[in-house]
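To start, the structure itself, in structure tokens.
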Amino acid sequence: MPMSHNINYQEPSAGPVAHYLNRLSQGSHKSTLYRLDKVARYLSDGRDNAFSFAWPTLDKSSAVNIQSWLWHTYQPTTIDHILFAVRGVIKQTWRLGLITEEEYYDVRQGLDNTLKSKSGQRPNNILTNRNIHKLFNCCATLHTRSARRNEAMLAMLYGANMAPTEVLSLHIEDYDFQNSRINIPDSHTPRTIYLNADVQEILKSWLLHRGTGAGPLLCPVLKNDTVQIRLLSYQSLTNICTRLSKAAKIPAFKPRDLNKTHRQHLQDRQNSTLEIPRP
């Protein structure tokens with residue numbers, strides 16, 4: 001197995017594999033390179049190793065191909081270890097500017113989805129930062145009550161990382177205006193979410209149209225743009241996401257995908273908070 005001990009892991013010219021290894025402990029380099037070598041040799045018909053393989057050329061179809069090969073060749077634990085290493089290299093490929101953000105998430109979906117669908121779970125659908133921008137911009141350009149409600153929904157699901165069931169169960173009294181926080185009324189694990197300035201601004205804009213009377217925080221808005229103070233159903237939340245995806249001309253997504261996207265974006269950017277795109 002080829003491995004260089006003299007490579008300078010800090011040099012950008014060293015490539016994404018070296019940058020990824022630099023983030024790992026020295027003791028894990030050998031096993032990680034061994035796994036990456038397997039993938040590189042498979043994709044190049046034996047011509048390349050982990051260092052010489054052109055990782056920026058890896059696309060979604062190649063990622064799906066890797067999944068299929070691994071599934072028919074190795075045990076689940078080995079598959080997990082190999083995919084973990086490949087994901088790490090692809091992230092470094094993106095951070096080095098060798099692929100775009102959209103290309104990065106396309107490859108990630110290819111790496112993540114196949115095995116999960118075999119187990120009966122719905123594949124992850126991580127939205128790109130560009131598509132998140134499109135969603136918020138789509139709401140911001142409309143001057144209607146439904147647009148303000150939809151923007152508030154996006155802000156809570158993506159900006160505040162609230163679960164869809166939490167968003168639907170919220171009442172106006174759960175929102176502490178003065179302290180900029182929301183108290184989640186869960187009977188098992190109650191929690192408090194502190195809102196950043198972007199989420200606060202969006203919620204205040206929605207409440208100007210909804211009013212501050214008792215009742216659910218998010219409510220249905222009729223076709224005549226009238227707010228009805230009653231609970232939204234989960235199906236209604238899903239339908240709103242479908243309409244927004246069509247209006248913004250992005251792939252369809254579900255409410256819970258915004259939570260997954262929030263967590264993935266935080267991990268990718270290594271931040272503790274996310275800024276909501278504003279026009």
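Naming works like this for the structure tokens: A, B, ... for the chains as they're shown, residue 1 at the start of each chain, ligands 1 onward in shown order.
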
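The environment of range 257-260 of chain A within 7 Å, counting only C-alpha atoms and disregarding residues fewer than 3 places along the same chain, consists of A:Asn125, A:Ile126, A:Leu157, A:Tyr158, A:Asn161, A:Met162, A:Ala163, A:Phe253, A:Lys254, A:Arg263, A:Gln264.
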
Quick one: write out the picked residues with C-alpha atoms as a compact mmCIF listing (two decimals), in the first residue's frame?
# COMPACT_ATOMS: atom_id res chain seq x y z
CA ASN A 125 -32.28 15.16 1.54
CA ILE A 126 -29.75 17.86 2.41
CA LEU A 157 -37.23 24.57 11.04
CA TYR A 158 -33.90 25.62 9.52
CA ASN A 161 -33.47 23.68 14.21
CA MET A 162 -36.92 22.94 15.60
CA ALA A 163 -38.55 19.62 14.73
CA PHE A 253 -38.12 18.45 0.28
CA LYS A 254 -39.94 17.49 3.48
CA ARG A 263 -27.24 20.13 11.35
CA GLN A 264 -25.21 19.36 8.23

Selection: 12 Å around Gly97 in chain A, only C-alpha atoms, excl. self and same-chain fewer than 5 positions, as a PyMOL selection string: chain A and resi 12+15-16+56+90-92+102-104

Could you write out, as a ChimeraX atom specification, all the residues of range 22-249 of chain A that DSSP marks as alpha helix (DSSP H)? /A:22,29-43,60-73,76-95,101-118,129-140,145-154,164-169,197-210,234-248

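Within range 8-218 of chain A, DSSP run on the backbone puts these residues in strand (DSSP E): Tyr175, Asp176, Arg181, Ile182, Asn183, Ile184, Arg191, Thr192, Ile193 and Tyr194 of chain A.
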
Could the residues in this selection be written to a file with N, CA and C atoms, as a PDB file, in the first residue's frame?
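See part.pdb below for the written result:
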ATOM      1  N   TYR A 175     -43.726  31.576  23.211  1.00  0.00           N
ATOM      2  CA  TYR A 175     -42.709  32.487  22.665  1.00  0.00           C
ATOM      3  C   TYR A 175     -42.478  33.619  23.655  1.00  0.00           C
ATOM      4  N   ASP A 176     -41.284  33.640  24.239  1.00  0.00           N
ATOM      5  CA  ASP A 176     -40.890  34.677  25.196  1.00  0.00           C
ATOM      6  C   ASP A 176     -40.255  35.831  24.411  1.00  0.00           C
ATOM      7  N   ARG A 181     -36.670  33.825  23.210  1.00  0.00           N
ATOM      8  CA  ARG A 181     -36.547  32.380  23.327  1.00  0.00           C
ATOM      9  C   ARG A 181     -37.913  31.722  23.172  1.00  0.00           C
ATOM     10  N   ILE A 182     -37.869  30.446  22.831  1.00  0.00           N
ATOM     11  CA  ILE A 182     -39.082  29.654  22.691  1.00  0.00           C
ATOM     12  C   ILE A 182     -38.982  28.475  23.650  1.00  0.00           C
ATOM     13  N   ASN A 183     -40.024  28.270  24.424  1.00  0.00           N
ATOM     14  CA  ASN A 183     -40.090  27.136  25.342  1.00  0.00           C
ATOM     15  C   ASN A 183     -40.873  26.008  24.686  1.00  0.00           C
ATOM     16  N   ILE A 184     -40.199  24.881  24.471  1.00  0.00           N
ATOM     17  CA  ILE A 184     -40.842  23.747  23.804  1.00  0.00           C
ATOM     18  C   ILE A 184     -41.632  22.959  24.840  1.00  0.00           C
ATOM     19  N   ARG A 191     -37.565  21.825  26.610  1.00  0.00           N
ATOM     20  CA  ARG A 191     -36.317  22.522  26.354  1.00  0.00           C
ATOM     21  C   ARG A 191     -36.602  23.955  25.926  1.00  0.00           C
ATOM     22  N   THR A 192     -35.564  24.759  25.983  1.00  0.00           N
ATOM     23  CA  THR A 192     -35.669  26.161  25.600  1.00  0.00           C
ATOM     24  C   THR A 192     -34.735  26.436  24.440  1.00  0.00           C
ATOM     25  N   ILE A 193     -35.239  27.115  23.428  1.00  0.00           N
ATOM     26  CA  ILE A 193     -34.438  27.474  22.262  1.00  0.00           C
ATOM     27  C   ILE A 193     -34.262  28.987  22.245  1.00  0.00           C
ATOM     28  N   TYR A 194     -33.019  29.423  22.232  1.00  0.00           N
ATOM     29  CA  TYR A 194     -32.729  30.853  22.144  1.00  0.00           C
ATOM     30  C   TYR A 194     -32.580  31.234  20.670  1.00  0.00           C
TER      31      TYR A 194
END

What separates CA of Leu217 in chain A and CA of Met156 in chain A is a distance of 11.0 Å
